[in-house]
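Chemist: File follows, query-v5.cif with mmCIF, C-alpha atoms:
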```cif
data_run
#
loop_
_atom_site.label_atom_id
_atom_site.label_comp_id
_atom_site.auth_asym_id
_atom_site.auth_seq_id
_atom_site.Cartn_x
_atom_site.Cartn_y
_atom_site.Cartn_z
CA MET W 1 -4.21 39.02 2.72
CA THR W 2 -4.60 35.30 2.19
CA GLU W 3 -1.38 33.38 1.67
CA ILE W 4 -1.31 30.76 -1.08
CA GLY W 5 0.61 27.55 -0.47
CA TYR W 6 1.54 24.38 -2.30
CA LYS W 7 0.59 20.85 -1.28
CA LEU W 8 3.41 18.31 -1.34
CA SER W 9 1.57 15.05 -1.96
CA SER W 10 3.64 12.24 -0.46
CA GLU W 11 1.20 9.71 -1.89
CA GLU W 12 2.06 10.68 -5.48
CA HIS W 13 5.77 11.57 -5.43
CA GLY W 14 9.07 10.26 -4.14
CA GLY W 15 11.26 12.11 -1.68
CA ARG W 16 13.72 13.66 -4.14
CA ASP W 17 10.92 14.98 -6.32
CA LEU W 18 9.11 16.47 -3.33
CA VAL W 19 12.25 18.37 -2.35
CA ARG W 20 12.63 19.66 -5.90
CA TYR W 21 8.99 20.71 -6.13
CA ALA W 22 9.23 22.60 -2.84
CA LYS W 23 12.14 24.62 -4.18
CA LEU W 24 10.29 25.34 -7.44
CA ALA W 25 7.19 26.37 -5.51
CA GLU W 26 9.21 28.79 -3.41
CA GLU W 27 10.75 30.33 -6.51
CA ALA W 28 7.31 30.64 -8.14
CA GLY W 29 5.86 32.67 -5.26
CA PHE W 30 4.09 30.12 -3.08
CA THR W 31 4.83 31.24 0.46
CA PHE W 32 4.39 27.92 2.24
CA GLY W 33 3.98 24.20 1.72
CA VAL W 34 2.03 21.46 3.46
CA ILE W 35 3.31 17.90 3.19
CA SER W 36 1.19 14.80 3.80
CA ASP W 37 2.31 12.15 6.28
CA HIS W 38 1.23 8.66 5.22
CA PHE W 39 2.46 5.10 5.55
CA HIS W 40 0.41 4.05 2.49
CA PRO W 41 -0.88 5.93 -0.53
CA TRP W 42 -4.65 6.04 -0.76
CA ILE W 43 -4.67 3.81 -3.84
CA ASP W 44 -1.89 1.87 -5.56
CA GLU W 45 -2.08 4.08 -8.66
CA GLN W 46 -0.62 6.95 -6.63
CA GLY W 47 2.48 4.87 -6.10
CA HIS W 48 4.46 6.54 -3.30
CA SER W 49 4.70 7.15 0.41
CA PRO W 50 8.15 8.34 1.55
CA PHE W 51 8.94 8.92 5.22
CA VAL W 52 7.87 12.50 5.75
CA TRP W 53 10.47 13.49 8.35
CA SER W 54 13.34 12.59 6.02
CA VAL W 55 11.78 14.65 3.24
CA ILE W 56 11.33 17.62 5.57
CA GLY W 57 15.06 17.56 6.26
CA GLY W 58 15.74 17.78 2.52
CA ILE W 59 13.29 20.65 2.05
CA ALA W 60 14.85 22.49 4.98
CA GLN W 61 18.16 22.58 3.13
CA ALA W 62 16.76 23.23 -0.36
CA THR W 63 14.62 26.26 0.55
CA GLU W 64 15.28 29.59 2.25
CA ARG W 65 11.96 31.36 2.89
CA PHE W 66 9.41 28.62 2.27
CA LYS W 67 7.38 27.77 5.38
CA LEU W 68 6.44 24.12 5.78
CA GLY W 69 4.11 22.03 7.87
CA THR W 70 2.78 18.51 8.05
CA GLY W 71 -0.68 18.11 6.66
CA VAL W 72 -1.28 16.21 8.81
CA THR W 73 0.60 13.91 11.20
CA CYS W 74 -1.32 11.51 13.41
CA PRO W 75 0.56 11.50 16.75
CA THR W 76 -1.52 8.82 18.44
CA ILE W 77 -1.02 5.28 17.12
CA ARG W 78 1.66 4.68 14.46
CA PHE W 79 3.78 7.37 16.12
CA HIS W 80 4.01 7.87 19.87
CA PRO W 81 3.50 11.59 20.61
CA GLY W 82 6.91 11.73 22.25
CA LEU W 83 8.53 10.72 18.98
CA VAL W 84 6.49 13.32 17.09
CA ALA W 85 7.58 15.93 19.63
CA GLN W 86 11.23 15.12 18.92
CA ALA W 87 10.79 14.97 15.14
CA ALA W 88 8.91 18.26 14.99
CA ALA W 89 11.40 19.98 17.31
CA THR W 90 14.27 18.93 15.05
CA SER W 91 12.38 20.10 11.95
CA ALA W 92 11.74 23.47 13.57
CA GLU W 93 15.40 23.74 14.61
CA MET W 94 16.44 23.09 10.99
CA MET W 95 13.91 25.62 9.64
CA PRO W 96 13.95 28.49 12.16
CA GLY W 97 10.57 30.19 12.18
CA ARG W 98 9.47 28.24 9.10
CA PHE W 99 7.95 25.00 10.41
CA PHE W 100 4.56 24.15 11.87
CA LEU W 101 3.18 20.84 13.10
CA GLY W 102 -0.18 19.87 11.68
CA VAL W 103 -1.91 17.05 13.56
CA GLY W 104 -5.09 15.06 13.21
CA SER W 105 -6.82 11.93 14.42
CA GLY W 106 -5.62 9.89 11.43
CA GLU W 107 -6.95 7.17 9.17
CA ASN W 108 -7.15 3.43 9.59
CA LEU W 109 -5.23 3.18 6.30
CA ASN W 110 -2.02 4.26 8.04
CA GLU W 111 -2.53 3.60 11.72
CA HIS W 112 -3.40 -0.12 11.80
CA VAL W 113 -0.20 -1.25 10.08
CA PHE W 114 1.65 -2.45 13.20
CA GLY W 115 -1.28 -4.40 14.56
CA ASP W 116 -2.85 -1.67 16.67
CA ARG W 117 -6.58 -1.44 17.17
CA TRP W 118 -8.33 1.34 15.23
CA PRO W 119 -10.41 3.17 17.84
CA PRO W 120 -13.82 4.79 17.34
CA ALA W 121 -13.96 8.50 16.53
CA ASP W 122 -14.61 9.80 20.06
CA LEU W 123 -11.69 7.84 21.45
CA ARG W 124 -9.40 9.03 18.65
CA LEU W 125 -10.14 12.63 19.59
CA GLU W 126 -9.48 11.88 23.26
CA MET W 127 -6.12 10.34 22.29
CA LEU W 128 -5.28 13.32 20.09
CA GLU W 129 -5.94 15.76 22.91
CA GLU W 130 -3.63 13.87 25.25
CA ALA W 131 -1.00 13.51 22.53
CA ILE W 132 -0.90 17.29 22.07
CA GLU W 133 -0.51 17.64 25.82
CA VAL W 134 2.49 15.26 25.74
CA ILE W 135 4.11 17.11 22.84
CA ARG W 136 3.81 20.47 24.54
CA LEU W 137 5.09 19.03 27.83
CA LEU W 138 8.26 17.74 26.18
CA TRP W 139 8.75 21.03 24.35
CA GLU W 140 9.02 22.79 27.71
CA GLY W 141 12.50 21.34 28.03
CA GLY W 142 14.01 19.46 30.91
CA THR W 143 13.26 15.91 32.01
CA LYS W 144 9.57 15.10 31.90
CA THR W 145 7.30 12.29 33.05
CA HIS W 146 3.71 11.81 31.96
CA ARG W 147 1.42 8.96 32.95
CA GLY W 148 -1.90 9.48 31.25
CA LYS W 149 -4.83 7.42 30.12
CA HIS W 150 -3.29 6.61 26.74
CA TYR W 151 0.42 7.53 26.88
CA THR W 152 3.36 7.16 29.20
CA VAL W 153 6.57 9.17 29.10
CA GLU W 154 9.22 8.46 31.70
CA ASN W 155 12.32 10.58 32.33
CA ALA W 156 12.28 11.90 28.77
CA ARG W 157 14.06 15.01 27.62
CA ILE W 158 14.29 16.55 24.17
CA TYR W 159 17.72 18.10 24.06
CA THR W 160 17.54 19.71 20.61
CA LEU W 161 14.81 22.32 20.82
CA PRO W 162 14.36 25.26 18.43
CA ASP W 163 14.67 28.83 19.65
CA GLU W 164 11.05 29.30 18.52
CA LEU W 165 8.68 26.41 19.16
CA PRO W 166 6.47 25.52 16.17
CA PRO W 167 2.73 26.12 16.36
CA ILE W 168 0.40 23.11 16.39
CA TYR W 169 -2.45 23.29 13.90
CA VAL W 170 -5.26 20.77 14.33
CA ALA W 171 -7.24 19.22 11.47
CA ALA W 172 -10.99 18.94 11.88
CA ALA W 173 -13.97 18.05 9.72
CA GLY W 174 -16.81 17.66 12.23
CA GLU W 175 -18.22 19.59 15.17
CA LYS W 176 -16.45 17.67 17.95
CA ALA W 177 -13.08 17.84 16.20
CA ALA W 178 -13.55 21.55 15.48
CA LYS W 179 -14.26 22.22 19.16
CA LEU W 180 -11.11 20.33 20.12
CA ALA W 181 -9.07 22.20 17.53
CA GLY W 182 -10.32 25.56 18.77
CA GLY W 183 -9.56 24.70 22.37
CA VAL W 184 -6.11 23.13 22.12
CA GLY W 185 -4.75 24.10 18.70
CA ASP W 186 -2.80 27.15 17.58
CA GLY W 187 -4.68 27.00 14.28
CA TYR W 188 -7.02 24.97 12.13
CA VAL W 189 -6.59 22.76 9.04
CA GLY W 190 -9.58 21.93 6.84
CA VAL W 191 -10.31 20.46 3.44
CA ALA W 192 -13.68 22.10 2.72
CA PRO W 193 -14.95 25.70 2.50
CA ASP W 194 -17.27 25.02 5.41
CA LYS W 195 -18.14 28.21 7.26
CA GLU W 196 -20.09 26.36 9.95
CA THR W 197 -17.13 24.22 11.01
CA ILE W 198 -14.86 27.26 11.06
CA GLU W 199 -17.37 29.12 13.24
CA THR W 200 -17.44 26.16 15.64
CA PHE W 201 -13.66 26.35 15.80
CA ASN W 202 -13.81 30.10 16.45
CA LYS W 203 -16.40 29.79 19.23
CA ALA W 204 -14.34 27.08 20.96
CA GLY W 205 -11.35 29.41 21.36
CA GLY W 206 -9.96 29.56 17.85
CA ARG W 207 -10.99 33.07 16.87
CA GLY W 208 -8.02 34.97 15.47
CA LYS W 209 -5.92 31.84 14.97
CA PRO W 210 -4.64 30.85 11.50
CA LEU W 211 -6.97 28.87 9.24
CA TYR W 212 -5.38 26.58 6.64
CA GLY W 213 -7.56 25.17 3.86
CA GLU W 214 -6.64 22.57 1.24
CA VAL W 215 -8.11 22.86 -2.26
CA THR W 216 -7.56 20.04 -4.75
CA VAL W 217 -7.27 20.78 -8.48
CA CYS W 218 -5.99 19.13 -11.63
CA TYR W 219 -4.22 21.34 -14.16
CA ALA W 220 -3.67 19.81 -17.60
CA LYS W 221 -3.64 20.97 -21.23
CA ASP W 222 -7.40 20.44 -21.49
CA ARG W 223 -10.30 19.68 -19.19
CA GLY W 224 -10.90 16.17 -20.51
CA GLU W 225 -7.34 15.11 -19.83
CA ALA W 226 -7.53 16.58 -16.34
CA LEU W 227 -10.77 14.76 -15.58
CA LYS W 228 -9.35 11.43 -16.75
CA LEU W 229 -6.21 11.92 -14.66
CA ALA W 230 -8.17 12.94 -11.57
CA LYS W 231 -10.44 9.90 -11.81
CA GLU W 232 -7.49 7.53 -12.22
CA THR W 233 -5.22 9.07 -9.61
CA TRP W 234 -7.40 10.84 -7.04
CA PRO W 235 -10.94 9.40 -6.97
CA LEU W 236 -10.94 10.06 -3.20
CA VAL W 237 -12.85 13.30 -3.74
CA GLY W 238 -15.91 11.21 -4.64
CA ILE W 239 -15.77 8.79 -1.70
CA PRO W 240 -18.36 10.01 0.82
CA GLY W 241 -18.66 10.32 4.57
CA GLU W 242 -16.37 8.60 7.04
CA LEU W 243 -15.01 5.93 4.68
CA GLY W 244 -11.79 7.91 4.33
CA GLN W 245 -11.06 7.31 8.01
CA GLU W 246 -12.31 3.73 8.22
CA LEU W 247 -11.03 1.79 5.17
CA ARG W 248 -7.91 -0.25 5.90
CA THR W 249 -5.94 -0.68 2.68
CA PRO W 250 -5.31 0.94 -0.71
CA ALA W 251 -7.20 -2.01 -2.23
CA HIS W 252 -10.28 -1.10 -0.20
CA PHE W 253 -10.08 2.49 -1.42
CA SER W 254 -9.80 1.26 -5.00
CA GLN W 255 -12.91 -0.84 -4.49
CA ALA W 256 -14.80 2.13 -3.07
CA ALA W 257 -13.57 4.29 -5.96
CA GLU W 258 -15.24 1.98 -8.48
CA ASN W 259 -18.50 3.71 -7.54
CA VAL W 260 -17.10 7.20 -8.22
CA SER W 261 -18.18 8.66 -11.55
CA GLU W 262 -16.56 11.37 -13.64
CA SER W 263 -19.48 13.67 -12.76
CA ASP W 264 -18.74 13.16 -9.04
CA ILE W 265 -15.26 14.50 -9.67
CA SER W 266 -16.06 17.24 -12.19
CA GLU W 267 -18.53 18.82 -9.78
CA LYS W 268 -15.92 19.15 -7.03
CA LEU W 269 -12.62 20.09 -8.70
CA ALA W 270 -11.14 22.79 -10.88
CA LEU W 271 -10.02 20.87 -13.95
CA GLY W 272 -7.86 21.96 -16.89
CA PRO W 273 -6.04 25.14 -17.94
CA ASP W 274 -8.59 27.89 -17.24
CA PRO W 275 -7.07 30.10 -14.51
CA ASP W 276 -10.49 31.48 -13.60
CA ASP W 277 -11.68 27.99 -12.57
CA HIS W 278 -8.70 27.62 -10.24
CA ILE W 279 -9.13 31.11 -8.82
CA SER W 280 -12.82 30.46 -8.22
CA SER W 281 -12.05 27.30 -6.24
CA ILE W 282 -9.50 29.12 -4.12
CA ARG W 283 -11.85 32.04 -3.50
CA GLU W 284 -14.46 29.66 -2.10
CA PHE W 285 -12.01 28.92 0.71
CA ILE W 286 -11.09 32.57 1.15
CA ASP W 287 -14.77 33.52 1.34
CA ALA W 288 -15.32 30.80 3.96
CA GLY W 289 -12.73 32.52 6.17
CA TYR W 290 -9.43 30.79 5.45
CA ASP W 291 -6.38 33.05 5.59
CA HIS W 292 -4.05 30.35 4.20
CA VAL W 293 -5.04 28.20 1.21
CA PHE W 294 -2.77 25.47 -0.11
CA VAL W 295 -3.32 23.89 -3.51
CA HIS W 296 -2.98 20.20 -4.24
CA GLN W 297 -2.26 19.47 -7.90
CA ILE W 298 -3.23 15.93 -8.88
CA GLY W 299 -0.84 13.99 -11.07
CA PRO W 300 2.76 14.00 -12.29
CA ASP W 301 2.92 17.41 -13.99
CA GLN W 302 3.88 19.43 -10.95
CA GLU W 303 6.34 21.62 -12.83
CA GLY W 304 3.71 22.60 -15.40
CA PHE W 305 1.25 23.34 -12.61
CA ILE W 306 3.76 25.50 -10.75
CA ARG W 307 4.56 27.51 -13.92
CA PHE W 308 0.83 27.88 -14.64
CA TYR W 309 0.18 29.25 -11.16
CA GLU W 310 3.23 31.50 -11.28
CA ASP W 311 2.13 33.05 -14.58
CA GLN W 312 -1.67 33.00 -14.52
CA VAL W 313 -3.09 32.37 -11.04
CA LEU W 314 -0.92 33.79 -8.26
CA PRO W 315 -0.63 37.29 -9.80
CA LYS W 316 -4.44 37.58 -9.63
CA LEU W 317 -4.60 36.44 -6.01
CA LEU W 318 -1.57 38.04 -4.36
#
```
Let me see the file written as structure tokens.
Modeler:
Amino acid sequence: MTEIGYKLSSEEHGGRDLVRYAKLAEEAGFTFGVISDHFHPWIDEQGHSPFVWSVIGGIAQATERFKLGTGVTCPTIRFHPGLVAQAAATSAEMMPGRFFLGVGSGENLNEHVFGDRWPPADLRLEMLEEAIEVIRLLWEGGTKTHRGKHYTVENARIYTLPDELPPIYVAAAGEKAAKLAGGVGDGYVGVAPDKETIETFNKAGGRGKPLYGEVTVCYAKDRGEALKLAKETWPLVGIPGELGQELRTPAHFSQAAENVSESDISEKLALGPDPDDHISSIREFIDAGYDHVFVHQIGPDQEGFIRFYEDQVLPKLL
């Protein structure tokens, strides 16, 4: 049976609210959460970007059964993979059996901020593969040294390791990334009900591994209000191609979003209070092969969304 999770959008909410929403989601019947890891929001209108590892610590203490993972962390530029290895190990130690590390090749939006060069896509995947190797090396315990093409670790030891190491799920949207994810990941994270990409992942060694899919929706009291809110707060769904990885600042995303129309958004999202629309969007991911689907609610009314799903959506899916 497919598990239904809740997306904790760090771009739209502060740390205290994210902790509170995670607890409410657990109580409502969502079995897991996925929290975004950004330095910037996508656009200024979203308004937030707390440090994800601090928020995870709060969620660890506020919840009891709720599983949680990053969706996703880039362990290659802004963070050295050795630091991610330590942060994820601590998170897993604080949430025994409840934490997973989601990783991806990142976006220029977040990774250029300390003056680092933004590499081309093939190099980013090469860096990601080595970063995962470094993380797993340090999780073996003991003192480790790694001198690779992109990263150096010298005489490093992570002393606080969990009894159960967290799985590493790899985000992928294209063929090359899906092959990498299938070969080195413990699972897959995707944002589209794309059967072809999932099959590429499966053929590359991913068959039988967990598949996590993110579906974006906007619940509101009526469809028109939801459409207006989605266009103002999350026009990203209408920005095509590789721009999401290449644009450098929230201002650039706002400029790109000027070309996004309401029809671009209405064609891609479940909008408003009809539970059947939300269920249909989720089932697209289930039919594509995902065994875990997490739902991102656009906008400030997270409590209303959680109640709506508890009463009208989850009972029809679980």
Chemist: Skip Val191 (chain W) itself and residues of its chain fewer than 5 positions away, then list as JSON, numbers by chain all residues within 8 Å of it, counting only C-alpha atoms.
Modeler: {"W": [173, 213, 214, 215]}
Chemist: Neighbours of His112 (chain W) within 10 Å (all atoms listed in the file; same-chain residues fewer than 3 positions away dropped), as a ChimeraX atom specification?
Modeler: /W:77-78,107-109,115-119,248-249
Chemist: Mind giving me the straight-line distance from CA of Thr160 (chain W) to CA of Thr90 (chain W) in Å, one decimal?
Modeler: 6.5 Å
Chemist: Would you kindly return, as a list in words, each protein, DNA or RNA residue with an atom no farther than 10 Å from any atom of region 287-289 of chain W, considering only C-alpha atoms and excluding same-chain residues fewer than 5 positions away?
Modeler: Thr2, Ala192, Pro193, Asp194, Lys195, Glu196, Thr197, Ile198, Glu199, Pro210, Leu211, Tyr212, Gly213 and Ile282 of chain W
Chemist: Take the PyMOL selection byres ((chain W and resi 147-157) around 8), run it mentally on this structure, and tell me the resulting residues as a VMD selection string.
Modeler: chain W and resid 80 82 127 130 to 131 138 141 to 146 158 to 159
Chemist: Can you pull out every residue within 8 Å of Ala28 (chain W), counting all atoms listed in the file, but drop anything in the same chain fewer than 2 positions away, and send it as a list in words?
Modeler: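 Here the answer would be Leu24, Ala25, Glu26, Phe30, Ile306, Arg307, Tyr309 and Glu310 of chain W.
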Chemist: I'd like the residues picked by the PyMOL selection byres ((chain W and resi 46-48) around 7) written out as a list in words, using the chain letters and numbers from the file.
Modeler: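 This file gives the following for the PyMOL selection byres ((chain W and resi 46-48) around 7): Ser10, Glu11, Glu12, His13, Gly14, Pro41, Ile43, Asp44, Glu45, Ser49, Pro50 and Thr233 of chain W.
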Chemist: What would the selection look like, as an mmCIF file with C-alpha atoms, in the coordinates of the input, if the PyMOL selection byres ((chain W and resi 55) around 12) were run on the coordinates I just shared?
Modeler:
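After the write, result_30.cif holds the following:
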```
data_model
loop_
_atom_site.group_PDB
_atom_site.id
_atom_site.type_symbol
_atom_site.label_atom_id
_atom_site.label_comp_id
_atom_site.auth_asym_id
_atom_site.auth_seq_id
_atom_site.Cartn_x
_atom_site.Cartn_y
_atom_site.Cartn_z
ATOM 1 C CA LEU W 8 3.410 18.310 -1.340
ATOM 2 C CA SER W 9 1.570 15.050 -1.960
ATOM 3 C CA SER W 10 3.640 12.240 -0.460
ATOM 4 C CA HIS W 13 5.770 11.570 -5.430
ATOM 5 C CA GLY W 14 9.070 10.260 -4.140
ATOM 6 C CA GLY W 15 11.260 12.110 -1.680
ATOM 7 C CA ARG W 16 13.720 13.660 -4.140
ATOM 8 C CA ASP W 17 10.920 14.980 -6.320
ATOM 9 C CA LEU W 18 9.110 16.470 -3.330
ATOM 10 C CA VAL W 19 12.250 18.370 -2.350
ATOM 11 C CA ARG W 20 12.630 19.660 -5.900
ATOM 12 C CA TYR W 21 8.990 20.710 -6.130
ATOM 13 C CA ALA W 22 9.230 22.600 -2.840
ATOM 14 C CA VAL W 34 2.030 21.460 3.460
ATOM 15 C CA ILE W 35 3.310 17.900 3.190
ATOM 16 C CA SER W 36 1.190 14.800 3.800
ATOM 17 C CA ASP W 37 2.310 12.150 6.280
ATOM 18 C CA SER W 49 4.700 7.150 0.410
ATOM 19 C CA PRO W 50 8.150 8.340 1.550
ATOM 20 C CA PHE W 51 8.940 8.920 5.220
ATOM 21 C CA VAL W 52 7.870 12.500 5.750
ATOM 22 C CA TRP W 53 10.470 13.490 8.350
ATOM 23 C CA SER W 54 13.340 12.590 6.020
ATOM 24 C CA ILE W 56 11.330 17.620 5.570
ATOM 25 C CA GLY W 57 15.060 17.560 6.260
ATOM 26 C CA GLY W 58 15.740 17.780 2.520
ATOM 27 C CA ILE W 59 13.290 20.650 2.050
ATOM 28 C CA ALA W 60 14.850 22.490 4.980
ATOM 29 C CA GLN W 61 18.160 22.580 3.130
ATOM 30 C CA ALA W 62 16.760 23.230 -0.360
ATOM 31 C CA LEU W 68 6.440 24.120 5.780
ATOM 32 C CA GLY W 69 4.110 22.030 7.870
ATOM 33 C CA THR W 70 2.780 18.510 8.050
ATOM 34 C CA ALA W 87 10.790 14.970 15.140
ATOM 35 C CA SER W 91 12.380 20.100 11.950
#
```
